[in-house]
$ cat entry.pdb   # PDB, N, CA and C atoms
ATOM      1  N   THR A   1      11.161 -15.804  14.408
ATOM      2  CA  THR A   1      11.523 -14.826  15.420
ATOM      3  C   THR A   1      13.012 -14.512  15.349
ATOM      4  N   ARG A   2      13.821 -15.532  15.149
ATOM      5  CA  ARG A   2      15.269 -15.287  15.037
ATOM      6  C   ARG A   2      15.579 -14.414  13.831
ATOM      7  N   ALA A   3      14.856 -14.624  12.749
ATOM      8  CA  ALA A   3      15.069 -13.813  11.549
ATOM      9  C   ALA A   3      14.673 -12.366  11.809
ATOM     10  N   MET A   4      13.567 -12.160  12.508
ATOM     11  CA  MET A   4      13.128 -10.805  12.835
ATOM     12  C   MET A   4      14.135 -10.123  13.756
ATOM     13  N   ASP A   5      14.655 -10.858  14.709
ATOM     14  CA  ASP A   5      15.686 -10.309  15.599
ATOM     15  C   ASP A   5      16.942  -9.933  14.819
ATOM     16  N   PHE A   6      17.327 -10.788  13.878
ATOM     17  CA  PHE A   6      18.500 -10.510  13.051
ATOM     18  C   PHE A   6      18.282  -9.245  12.232
ATOM     19  N   MET A   7      17.097  -9.108  11.637
ATOM     20  CA  MET A   7      16.808  -7.926  10.830
ATOM     21  C   MET A   7      16.779  -6.672  11.694
ATOM     22  N   ALA A   8      16.230  -6.772  12.886
ATOM     23  CA  ALA A   8      16.193  -5.619  13.793
ATOM     24  C   ALA A   8      17.603  -5.204  14.218
ATOM     25  N   ALA A   9      18.481  -6.159  14.358
ATOM     26  CA  ALA A   9      19.850  -5.860  14.788
ATOM     27  C   ALA A   9      20.733  -5.358  13.649
ATOM     28  N   HIS A  10      20.392  -5.722  12.405
ATOM     29  CA  HIS A  10      21.264  -5.416  11.268
ATOM     30  C   HIS A  10      20.592  -4.576  10.191
ATOM     31  N   TYR A  11      19.468  -3.926  10.508
ATOM     32  CA  TYR A  11      18.717  -3.176   9.491
ATOM     33  C   TYR A  11      19.544  -2.091   8.820
ATOM     34  N   SER A  12      20.540  -1.563   9.528
ATOM     35  CA  SER A  12      21.324  -0.461   8.974
ATOM     36  C   SER A  12      22.394  -0.943   7.989
ATOM     37  N   GLU A  13      22.569  -2.234   7.891
ATOM     38  CA  GLU A  13      23.576  -2.803   6.999
ATOM     39  C   GLU A  13      22.945  -3.203   5.670
ATOM     40  N   ALA A  14      23.778  -3.436   4.707
ATOM     41  CA  ALA A  14      23.310  -3.865   3.382
ATOM     42  C   ALA A  14      23.110  -5.382   3.404
ATOM     43  N   ILE A  15      22.075  -5.832   4.108
ATOM     44  CA  ILE A  15      21.828  -7.265   4.185
ATOM     45  C   ILE A  15      20.892  -7.700   3.066
ATOM     46  N   ARG A  16      21.079  -8.949   2.671
ATOM     47  CA  ARG A  16      20.283  -9.524   1.597
ATOM     48  C   ARG A  16      19.610 -10.792   2.110
ATOM     49  N   LEU A  17      18.723 -11.331   1.329
ATOM     50  CA  LEU A  17      18.000 -12.533   1.698
ATOM     51  C   LEU A  17      18.937 -13.679   2.109
ATOM     52  N   PRO A  18      20.004 -13.972   1.356
ATOM     53  CA  PRO A  18      20.895 -15.055   1.788
ATOM     54  C   PRO A  18      21.540 -14.797   3.159
ATOM     55  N   ASP A  19      21.782 -13.536   3.486
ATOM     56  CA  ASP A  19      22.360 -13.217   4.790
ATOM     57  C   ASP A  19      21.383 -13.569   5.914
ATOM     58  N   ILE A  20      20.127 -13.216   5.725
ATOM     59  CA  ILE A  20      19.108 -13.496   6.740
ATOM     60  C   ILE A  20      18.884 -14.997   6.851
ATOM     61  N   ALA A  21      18.782 -15.669   5.707
ATOM     62  CA  ALA A  21      18.574 -17.115   5.701
ATOM     63  C   ALA A  21      19.723 -17.830   6.394
ATOM     64  N   SER A  22      20.929 -17.388   6.141
ATOM     65  CA  SER A  22      22.099 -17.985   6.775
ATOM     66  C   SER A  22      22.064 -17.799   8.291
ATOM     67  N   ALA A  23      21.584 -16.667   8.742
ATOM     68  CA  ALA A  23      21.515 -16.396  10.186
ATOM     69  C   ALA A  23      20.566 -17.351  10.903
ATOM     70  N   VAL A  24      19.600 -17.899  10.185
ATOM     71  CA  VAL A  24      18.653 -18.843  10.790
ATOM     72  C   VAL A  24      18.851 -20.261  10.267
ATOM     73  N   ASN A  25      19.979 -20.485   9.598
ATOM     74  CA  ASN A  25      20.385 -21.818   9.133
ATOM     75  C   ASN A  25      19.381 -22.475   8.190
ATOM     76  N   LEU A  26      18.880 -21.697   7.242
ATOM     77  CA  LEU A  26      17.981 -22.222   6.224
ATOM     78  C   LEU A  26      18.471 -21.789   4.851
ATOM     79  N   SER A  27      18.050 -22.520   3.832
ATOM     80  CA  SER A  27      18.353 -22.082   2.472
ATOM     81  C   SER A  27      17.520 -20.834   2.188
ATOM     82  N   PRO A  28      18.011 -19.961   1.306
ATOM     83  CA  PRO A  28      17.235 -18.755   0.995
ATOM     84  C   PRO A  28      15.812 -19.059   0.504
ATOM     85  N   PHE A  29      15.673 -20.065  -0.338
ATOM     86  CA  PHE A  29      14.352 -20.401  -0.864
ATOM     87  C   PHE A  29      13.417 -20.858   0.257
ATOM     88  N   HIS A  30      13.891 -21.802   1.063
ATOM     89  CA  HIS A  30      13.052 -22.328   2.151
ATOM     90  C   HIS A  30      12.741 -21.233   3.173
ATOM     91  N   PHE A  31      13.730 -20.421   3.491
ATOM     92  CA  PHE A  31      13.499 -19.336   4.435
ATOM     93  C   PHE A  31      12.442 -18.367   3.907
ATOM     94  N   HIS A  32      12.577 -17.953   2.647
ATOM     95  CA  HIS A  32      11.630 -17.009   2.047
ATOM     96  C   HIS A  32      10.208 -17.568   2.118
ATOM     97  N   ARG A  33      10.054 -18.810   1.729
ATOM     98  CA  ARG A  33       8.730 -19.435   1.719
ATOM     99  C   ARG A  33       8.162 -19.544   3.139
ATOM    100  N   THR A  34       8.964 -19.986   4.078
ATOM    101  CA  THR A  34       8.510 -20.160   5.456
ATOM    102  C   THR A  34       8.185 -18.825   6.114
ATOM    103  N   PHE A  35       9.051 -17.846   5.941
ATOM    104  CA  PHE A  35       8.830 -16.528   6.535
ATOM    105  C   PHE A  35       7.569 -15.889   5.963
ATOM    106  N   THR A  36       7.413 -15.958   4.661
ATOM    107  CA  THR A  36       6.256 -15.347   4.010
ATOM    108  C   THR A  36       4.955 -15.977   4.489
ATOM    109  N   GLN A  37       4.937 -17.274   4.668
ATOM    110  CA  GLN A  37       3.740 -17.947   5.165
ATOM    111  C   GLN A  37       3.444 -17.547   6.611
ATOM    112  N   ALA A  38       4.477 -17.440   7.427
ATOM    113  CA  ALA A  38       4.285 -17.156   8.852
ATOM    114  C   ALA A  38       3.923 -15.703   9.119
ATOM    115  N   VAL A  39       4.527 -14.774   8.372
ATOM    116  CA  VAL A  39       4.383 -13.347   8.662
ATOM    117  C   VAL A  39       3.438 -12.644   7.687
ATOM    118  N   THR A  40       3.085 -13.301   6.626
ATOM    119  CA  THR A  40       2.227 -12.792   5.541
ATOM    120  C   THR A  40       2.834 -11.607   4.802
ATOM    121  N   MET A  41       4.136 -11.528   4.799
ATOM    122  CA  MET A  41       4.869 -10.588   3.945
ATOM    123  C   MET A  41       6.250 -11.178   3.698
ATOM    124  N   THR A  42       6.880 -10.744   2.641
ATOM    125  CA  THR A  42       8.203 -11.277   2.332
ATOM    126  C   THR A  42       9.222 -10.746   3.327
ATOM    127  N   PRO A  43      10.354 -11.441   3.461
ATOM    128  CA  PRO A  43      11.393 -10.961   4.372
ATOM    129  C   PRO A  43      11.883  -9.558   4.019
ATOM    130  N   LEU A  44      12.027  -9.271   2.748
ATOM    131  CA  LEU A  44      12.529  -7.953   2.364
ATOM    132  C   LEU A  44      11.488  -6.861   2.596
ATOM    133  N   THR A  45      10.215  -7.191   2.467
ATOM    134  CA  THR A  45       9.163  -6.232   2.816
ATOM    135  C   THR A  45       9.208  -5.952   4.314
ATOM    136  N   TYR A  46       9.386  -6.995   5.102
ATOM    137  CA  TYR A  46       9.482  -6.819   6.557
ATOM    138  C   TYR A  46      10.695  -5.961   6.911
ATOM    139  N   LEU A  47      11.837  -6.242   6.276
ATOM    140  CA  LEU A  47      13.049  -5.465   6.532
ATOM    141  C   LEU A  47      12.844  -3.997   6.178
ATOM    142  N   THR A  48      12.173  -3.742   5.081
ATOM    143  CA  THR A  48      11.887  -2.360   4.690
ATOM    144  C   THR A  48      11.003  -1.680   5.732
ATOM    145  N   ARG A  49      10.033  -2.399   6.259
ATOM    146  CA  ARG A  49       9.177  -1.825   7.314
ATOM    147  C   ARG A  49       9.984  -1.496   8.563
ATOM    148  N   VAL A  50      10.901  -2.379   8.935
ATOM    149  CA  VAL A  50      11.765  -2.115  10.091
ATOM    150  C   VAL A  50      12.571  -0.842   9.841
ATOM    151  N   ARG A  51      13.123  -0.725   8.649
ATOM    152  CA  ARG A  51      13.922   0.451   8.306
ATOM    153  C   ARG A  51      13.088   1.734   8.323
ATOM    154  N   ILE A  52      11.886   1.678   7.794
ATOM    155  CA  ILE A  52      11.011   2.854   7.773
ATOM    156  C   ILE A  52      10.618   3.255   9.193
ATOM    157  N   GLU A  53      10.326   2.286  10.046
ATOM    158  CA  GLU A  53       9.985   2.604  11.434
ATOM    159  C   GLU A  53      11.147   3.285  12.148
ATOM    160  N   ARG A  54      12.343   2.801  11.921
ATOM    161  CA  ARG A  54      13.524   3.435  12.529
ATOM    162  C   ARG A  54      13.715   4.831  11.960
ATOM    163  N   ALA A  55      13.484   5.011  10.671
ATOM    164  CA  ALA A  55      13.602   6.334  10.055
ATOM    165  C   ALA A  55      12.594   7.294  10.662
ATOM    166  N   ARG A  56      11.380   6.827  10.915
ATOM    167  CA  ARG A  56      10.376   7.679  11.569
ATOM    168  C   ARG A  56      10.884   8.163  12.929
ATOM    169  N   GLU A  57      11.433   7.236  13.697
ATOM    170  CA  GLU A  57      11.969   7.606  15.013
ATOM    171  C   GLU A  57      13.056   8.670  14.888
ATOM    172  N   LEU A  58      13.975   8.464  13.949
ATOM    173  CA  LEU A  58      15.071   9.423  13.773
ATOM    174  C   LEU A  58      14.570  10.774  13.281
ATOM    175  N   LEU A  59      13.581  10.765  12.419
ATOM    176  CA  LEU A  59      13.029  12.028  11.929
ATOM    177  C   LEU A  59      12.412  12.840  13.067
ATOM    178  N   LEU A  60      11.818  12.160  14.019
ATOM    179  CA  LEU A  60      11.138  12.844  15.113
ATOM    180  C   LEU A  60      12.051  13.196  16.276
ATOM    181  N   THR A  61      13.140  12.474  16.438
ATOM    182  CA  THR A  61      13.967  12.660  17.633
ATOM    183  C   THR A  61      15.333  13.272  17.367
ATOM    184  N   THR A  62      15.680  13.482  16.104
ATOM    185  CA  THR A  62      16.980  14.071  15.780
ATOM    186  C   THR A  62      16.801  15.183  14.759
ATOM    187  N   GLN A  63      17.861  15.905  14.543
ATOM    188  CA  GLN A  63      17.890  16.918  13.483
ATOM    189  C   GLN A  63      18.785  16.459  12.321
ATOM    190  N   MET A  64      19.045  15.163  12.254
ATOM    191  CA  MET A  64      19.873  14.624  11.178
ATOM    192  C   MET A  64      19.237  14.938   9.826
ATOM    193  N   PRO A  65      20.046  15.264   8.823
ATOM    194  CA  PRO A  65      19.503  15.445   7.470
ATOM    195  C   PRO A  65      18.885  14.134   6.963
ATOM    196  N   VAL A  66      17.925  14.261   6.091
ATOM    197  CA  VAL A  66      17.230  13.092   5.558
ATOM    198  C   VAL A  66      18.208  12.126   4.891
ATOM    199  N   SER A  67      19.202  12.648   4.205
ATOM    200  CA  SER A  67      20.167  11.757   3.540
ATOM    201  C   SER A  67      20.953  10.929   4.551
ATOM    202  N   GLU A  68      21.270  11.504   5.707
ATOM    203  CA  GLU A  68      21.976  10.753   6.752
ATOM    204  C   GLU A  68      21.056   9.721   7.393
ATOM    205  N   ILE A  69      19.805  10.069   7.553
ATOM    206  CA  ILE A  69      18.843   9.110   8.101
ATOM    207  C   ILE A  69      18.685   7.938   7.143
ATOM    208  N   ALA A  70      18.612   8.234   5.867
ATOM    209  CA  ALA A  70      18.502   7.166   4.866
ATOM    210  C   ALA A  70      19.672   6.203   5.001
ATOM    211  N   ALA A  71      20.874   6.727   5.074
ATOM    212  CA  ALA A  71      22.067   5.880   5.193
ATOM    213  C   ALA A  71      22.069   5.115   6.514
ATOM    214  N   ALA A  72      21.677   5.766   7.599
ATOM    215  CA  ALA A  72      21.661   5.133   8.917
ATOM    216  C   ALA A  72      20.646   4.000   8.997
ATOM    217  N   CYS A  73      19.649   4.053   8.135
ATOM    218  CA  CYS A  73      18.601   3.034   8.146
ATOM    219  C   CYS A  73      18.800   1.965   7.071
ATOM    220  N   GLY A  74      19.931   1.987   6.416
ATOM    221  CA  GLY A  74      20.249   0.932   5.461
ATOM    222  C   GLY A  74      19.836   1.189   4.032
ATOM    223  N   PHE A  75      19.408   2.393   3.729
ATOM    224  CA  PHE A  75      19.052   2.735   2.345
ATOM    225  C   PHE A  75      20.276   3.345   1.675
ATOM    226  N   GLU A  76      20.689   2.774   0.561
ATOM    227  CA  GLU A  76      21.885   3.252  -0.122
ATOM    228  C   GLU A  76      21.638   4.547  -0.878
ATOM    229  N   ASN A  77      20.397   4.786  -1.268
ATOM    230  CA  ASN A  77      20.073   5.929  -2.097
ATOM    231  C   ASN A  77      19.003   6.776  -1.407
ATOM    232  N   PRO A  78      19.293   8.046  -1.102
ATOM    233  CA  PRO A  78      18.298   8.904  -0.445
ATOM    234  C   PRO A  78      17.016   9.087  -1.258
ATOM    235  N   SER A  79      17.123   9.104  -2.573
ATOM    236  CA  SER A  79      15.927   9.242  -3.413
ATOM    237  C   SER A  79      15.024   8.018  -3.285
ATOM    238  N   TYR A  80      15.635   6.855  -3.279
ATOM    239  CA  TYR A  80      14.871   5.618  -3.099
ATOM    240  C   TYR A  80      14.219   5.613  -1.714
ATOM    241  N   PHE A  81      14.961   6.017  -0.695
ATOM    242  CA  PHE A  81      14.415   6.115   0.652
ATOM    243  C   PHE A  81      13.194   7.024   0.666
ATOM    244  N   SER A  82      13.296   8.203   0.070
ATOM    245  CA  SER A  82      12.169   9.138   0.054
ATOM    246  C   SER A  82      10.960   8.540  -0.652
ATOM    247  N   ARG A  83      11.200   7.834  -1.753
ATOM    248  CA  ARG A  83      10.110   7.223  -2.501
ATOM    249  C   ARG A  83       9.420   6.131  -1.675
ATOM    250  N   ILE A  84      10.206   5.293  -1.022
ATOM    251  CA  ILE A  84       9.647   4.218  -0.204
ATOM    252  C   ILE A  84       8.943   4.794   1.022
ATOM    253  N   PHE A  85       9.542   5.807   1.640
ATOM    254  CA  PHE A  85       8.944   6.438   2.814
ATOM    255  C   PHE A  85       7.593   7.048   2.459
ATOM    256  N   ARG A  86       7.546   7.718   1.331
ATOM    257  CA  ARG A  86       6.292   8.358   0.900
ATOM    258  C   ARG A  86       5.223   7.317   0.577
ATOM    259  N   ALA A  87       5.621   6.230  -0.037
ATOM    260  CA  ALA A  87       4.663   5.166  -0.349
ATOM    261  C   ALA A  87       4.085   4.574   0.940
ATOM    262  N   ASP A  88       4.896   4.497   1.978
ATOM    263  CA  ASP A  88       4.452   3.909   3.247
ATOM    264  C   ASP A  88       3.634   4.883   4.091
ATOM    265  N   THR A  89       4.032   6.146   4.121
ATOM    266  CA  THR A  89       3.408   7.112   5.037
ATOM    267  C   THR A  89       2.492   8.118   4.348
ATOM    268  N   GLY A  90       2.626   8.251   3.035
ATOM    269  CA  GLY A  90       1.847   9.251   2.323
ATOM    270  C   GLY A  90       2.484  10.631   2.343
ATOM    271  N   GLN A  91       3.671  10.738   2.949
ATOM    272  CA  GLN A  91       4.377  12.020   3.042
ATOM    273  C   GLN A  91       5.864  11.805   2.771
ATOM    274  N   THR A  92       6.510  12.851   2.308
ATOM    275  CA  THR A  92       7.956  12.792   2.181
ATOM    276  C   THR A  92       8.549  12.828   3.591
ATOM    277  N   PRO A  93       9.791  12.392   3.762
ATOM    278  CA  PRO A  93      10.407  12.448   5.089
ATOM    279  C   PRO A  93      10.421  13.860   5.672
ATOM    280  N   GLY A  94      10.711  14.851   4.856
ATOM    281  CA  GLY A  94      10.744  16.229   5.335
ATOM    282  C   GLY A  94       9.384  16.711   5.817
ATOM    283  N   LEU A  95       8.328  16.410   5.059
ATOM    284  CA  LEU A  95       6.977  16.786   5.473
ATOM    285  C   LEU A  95       6.543  16.028   6.723
ATOM    286  N   PHE A  96       6.922  14.757   6.807
ATOM    287  CA  PHE A  96       6.604  13.964   7.996
ATOM    288  C   PHE A  96       7.197  14.629   9.236
ATOM    289  N   ARG A  97       8.463  14.998   9.149
ATOM    290  CA  ARG A  97       9.129  15.656  10.276
ATOM    291  C   ARG A  97       8.452  16.986  10.603
ATOM    292  N   GLN A  98       8.198  17.759   9.591
ATOM    293  CA  GLN A  98       7.596  19.072   9.785
ATOM    294  C   GLN A  98       6.203  18.980  10.396
ATOM    295  N   ASN A  99       5.371  18.092   9.898
ATOM    296  CA  ASN A  99       4.005  17.941  10.394
ATOM    297  C   ASN A  99       3.964  17.400  11.818
ATOM    298  N   ARG A 100       4.854  16.515  12.169
ATOM    299  CA  ARG A 100       4.870  15.945  13.512
ATOM    300  C   ARG A 100       5.394  16.944  14.539
ATOM    301  N   GLN A 101       6.280  17.818  14.132
ATOM    302  CA  GLN A 101       6.825  18.795  15.068
ATOM    303  C   GLN A 101       5.817  19.898  15.370
ATOM    304  N   ILE A 102       4.883  20.131  14.464
ATOM    305  CA  ILE A 102       3.841  21.138  14.684
ATOM    306  C   ILE A 102       2.877  20.659  15.767
ATOM    307  N   LEU A 103       2.590  19.359  15.774
ATOM    308  CA  LEU A 103       1.637  18.802  16.725
ATOM    309  C   LEU A 103       2.207  18.783  18.085
TER     310      LEU A 103
END

$ encode --input "entry.pdb" --output "C-alpha coordinates"
Amino acid sequence: TRAMDFMAAHYSEAIRLPDIASAVNLSPFHFHRTFTQAVTMTPLTYLTRVRIERARELLLTTQMPVSEIAAACGFENPSYFSRIFRADTGQTPGLFRQNRQIL
(Lines of atoms letter the chains of each structure in order from A and count residues from 1; the text may use other names and numbers.)
(Lines give C-alpha, C1' and ligand atoms only; values in the text may rest on other atoms or scores of the structure.)
Protein backbone atom coordinates (compact mmCIF):
# COMPACT_ATOMS: atom_id res chain seq x y z
CA THR A 1 0.00 0.00 0.00
CA ARG A 2 2.83 2.40 0.79
CA ALA A 3 4.37 1.66 -2.59
CA MET A 4 1.06 2.33 -4.35
CA ASP A 5 0.69 5.60 -2.44
CA PHE A 6 4.23 6.58 -3.42
CA MET A 7 3.54 5.82 -7.08
CA ALA A 8 0.27 7.77 -6.98
CA ALA A 9 2.06 10.76 -5.48
CA HIS A 10 5.07 10.67 -7.82
CA TYR A 11 3.69 9.26 -11.10
CA SER A 12 4.58 12.45 -12.96
CA GLU A 13 8.26 12.10 -12.09
CA ALA A 14 10.88 9.90 -13.69
CA ILE A 15 10.80 7.30 -10.94
CA ARG A 16 12.43 3.91 -11.23
CA LEU A 17 12.14 0.64 -9.37
CA PRO A 18 14.96 1.48 -6.91
CA ASP A 19 13.19 4.75 -6.05
CA ILE A 20 9.95 2.94 -5.19
CA ALA A 21 11.77 0.19 -3.29
CA SER A 22 13.68 2.79 -1.29
CA ALA A 23 10.43 4.55 -0.36
CA VAL A 24 9.22 1.34 1.30
CA ASN A 25 12.62 0.39 2.75
CA LEU A 26 13.14 -2.77 0.72
CA SER A 27 15.77 -3.90 -1.75
CA PRO A 28 14.65 -3.54 -5.37
CA PHE A 29 14.70 -7.31 -5.90
CA HIS A 30 12.69 -8.12 -2.76
CA PHE A 31 10.26 -5.28 -3.41
CA HIS A 32 9.67 -6.38 -7.03
CA ARG A 33 9.03 -9.97 -5.99
CA THR A 34 6.75 -9.04 -3.07
CA PHE A 35 4.76 -6.43 -5.00
CA THR A 36 4.28 -8.72 -7.99
CA GLN A 37 2.99 -11.54 -5.79
CA ALA A 38 0.61 -9.25 -3.88
CA VAL A 39 -0.76 -7.21 -6.80
CA THR A 40 -0.34 -9.76 -9.63
CA MET A 41 1.49 -7.24 -11.80
CA THR A 42 4.95 -5.75 -11.72
CA PRO A 43 5.53 -2.40 -10.03
CA LEU A 44 6.33 -0.73 -13.34
CA THR A 45 3.18 -2.15 -14.95
CA TYR A 46 1.19 -0.74 -12.04
CA LEU A 47 2.93 2.63 -12.39
CA THR A 48 2.12 2.70 -16.09
CA ARG A 49 -1.54 2.00 -15.29
CA VAL A 50 -1.58 4.88 -12.80
CA ARG A 51 -0.09 7.15 -15.45
CA ILE A 52 -2.59 6.06 -18.11
CA GLU A 53 -5.52 6.60 -15.75
CA ARG A 54 -4.32 10.12 -14.99
CA ALA A 55 -3.84 10.75 -18.72
CA ARG A 56 -7.44 9.66 -19.34
CA GLU A 57 -8.64 12.18 -16.75
CA LEU A 58 -6.59 14.97 -18.32
CA LEU A 59 -7.76 14.11 -21.82
CA LEU A 60 -11.38 14.40 -20.71
CA THR A 61 -11.14 17.41 -18.42
CA THR A 62 -8.58 19.68 -20.10
CA GLN A 63 -7.67 20.97 -23.52
CA MET A 64 -3.96 20.32 -22.95
CA PRO A 65 -2.12 19.01 -26.02
CA VAL A 66 -1.36 15.30 -25.95
CA SER A 67 2.37 15.98 -25.72
CA GLU A 68 1.85 18.06 -22.56
CA ILE A 69 -0.36 15.38 -21.06
CA ALA A 70 2.33 12.80 -21.78
CA ALA A 71 4.92 14.91 -19.95
CA ALA A 72 2.54 15.68 -17.07
CA CYS A 73 1.94 11.96 -16.58
CA GLY A 74 5.61 11.01 -16.46
CA PHE A 75 6.13 9.85 -20.04
CA GLU A 76 9.34 11.26 -21.49
CA ASN A 77 8.37 10.56 -25.08
CA PRO A 78 4.94 11.48 -26.54
CA SER A 79 5.22 8.72 -29.16
CA TYR A 80 5.83 6.12 -26.47
CA PHE A 81 2.89 7.52 -24.49
CA SER A 82 0.61 7.23 -27.53
CA ARG A 83 1.74 3.66 -28.16
CA ILE A 84 1.18 2.61 -24.54
CA PHE A 85 -2.14 4.47 -24.36
CA ARG A 86 -3.38 2.76 -27.51
CA ALA A 87 -2.30 -0.66 -26.26
CA ASP A 88 -4.26 -0.07 -23.04
CA THR A 89 -7.40 1.58 -24.45
CA GLY A 90 -7.51 0.48 -28.08
CA GLN A 91 -7.50 4.14 -29.18
CA THR A 92 -4.96 6.88 -29.64
CA PRO A 93 -5.15 9.68 -27.05
CA GLY A 94 -6.65 12.05 -29.62
CA LEU A 95 -9.37 9.59 -30.65
CA PHE A 96 -10.10 8.80 -27.00
CA ARG A 97 -10.66 12.49 -26.30
CA GLN A 98 -12.72 12.98 -29.43
CA ASN A 99 -14.95 9.93 -28.87
CA ARG A 100 -15.61 10.75 -25.21
CA GLN A 101 -16.54 14.35 -25.95
CA ILE A 102 -19.16 13.22 -28.48
CA LEU A 103 -20.94 11.13 -25.85

$ atom_distance --input "entry.pdb" --atom1 "atom CA of A:Leu60" --atom2 "atom CA of A:Pro43"
26.1 Å

$ axis_aligned_box --input "entry.pdb" --around "stretch 16-35 of chain A" --padding-each-side "5 Å" --output "lines of an AutoDock Vina configuration file"
center_x = 15.0
center_y = -15.7
center_z = 5.0
size_x = 24.8
size_y = 23.6
size_z = 21.8

$ residues_around --input "entry.pdb" --residues "A:Ala14" --least-positions-apart "5" --cutoff "12 Å" --atoms "only C-alpha atoms" --output "ChimeraX atom specification"
/A:7,19-20,44,47-48,51,71-77

$ atom_distance --input "entry.pdb" --atom1 "atom CA of A:Gln63" --atom2 "atom CA of A:Asn99"
14.3 Å

$ resolve_selection --input "entry.pdb" --expression "the PyMOL selection byres (((chain A and resi 8 and name CA) around 10) and name CA)" --output "NGL selection string"
:A and (2-7 or 9-12 or 46-47 or 50-51 or 54)

$ atom_distance --input "entry.pdb" --atom1 "atom N of A:Arg33" --atom2 "atom CA of A:Arg49"
17.9 Å

$ residues_around --input "entry.pdb" --residues "A:Arg97" --least-positions-apart "4" --cutoff "10 Å" --atoms "only C-alpha atoms" --output "tab-separated table (two decimals) with N, CA and C atoms, in the coordinates of the input"
chain	number	residue	atom	x	y	z
A	56	ARG	N	11.38	6.83	10.92
A	56	ARG	CA	10.38	7.68	11.57
A	56	ARG	C	10.88	8.16	12.93
A	57	GLU	N	11.43	7.24	13.70
A	57	GLU	CA	11.97	7.61	15.01
A	57	GLU	C	13.06	8.67	14.89
A	58	LEU	N	13.98	8.46	13.95
A	58	LEU	CA	15.07	9.42	13.77
A	58	LEU	C	14.57	10.77	13.28
A	59	LEU	N	13.58	10.76	12.42
A	59	LEU	CA	13.03	12.03	11.93
A	59	LEU	C	12.41	12.84	13.07
A	60	LEU	N	11.82	12.16	14.02
A	60	LEU	CA	11.14	12.84	15.11
A	60	LEU	C	12.05	13.20	16.28
A	61	THR	N	13.14	12.47	16.44
A	61	THR	CA	13.97	12.66	17.63
A	61	THR	C	15.33	13.27	17.37
A	62	THR	N	15.68	13.48	16.10
A	62	THR	CA	16.98	14.07	15.78
A	62	THR	C	16.80	15.18	14.76
A	63	GLN	N	17.86	15.90	14.54
A	63	GLN	CA	17.89	16.92	13.48
A	63	GLN	C	18.78	16.46	12.32
A	66	VAL	N	17.92	14.26	6.09
A	66	VAL	CA	17.23	13.09	5.56
A	66	VAL	C	18.21	12.13	4.89
A	91	GLN	N	3.67	10.74	2.95
A	91	GLN	CA	4.38	12.02	3.04
A	91	GLN	C	5.86	11.80	2.77
A	92	THR	N	6.51	12.85	2.31
A	92	THR	CA	7.96	12.79	2.18
A	92	THR	C	8.55	12.83	3.59
A	93	PRO	N	9.79	12.39	3.76
A	93	PRO	CA	10.41	12.45	5.09
A	93	PRO	C	10.42	13.86	5.67
A	101	GLN	N	6.28	17.82	14.13
A	101	GLN	CA	6.82	18.80	15.07
A	101	GLN	C	5.82	19.90	15.37
A	102	ILE	N	4.88	20.13	14.46
A	102	ILE	CA	3.84	21.14	14.68
A	102	ILE	C	2.88	20.66	15.77
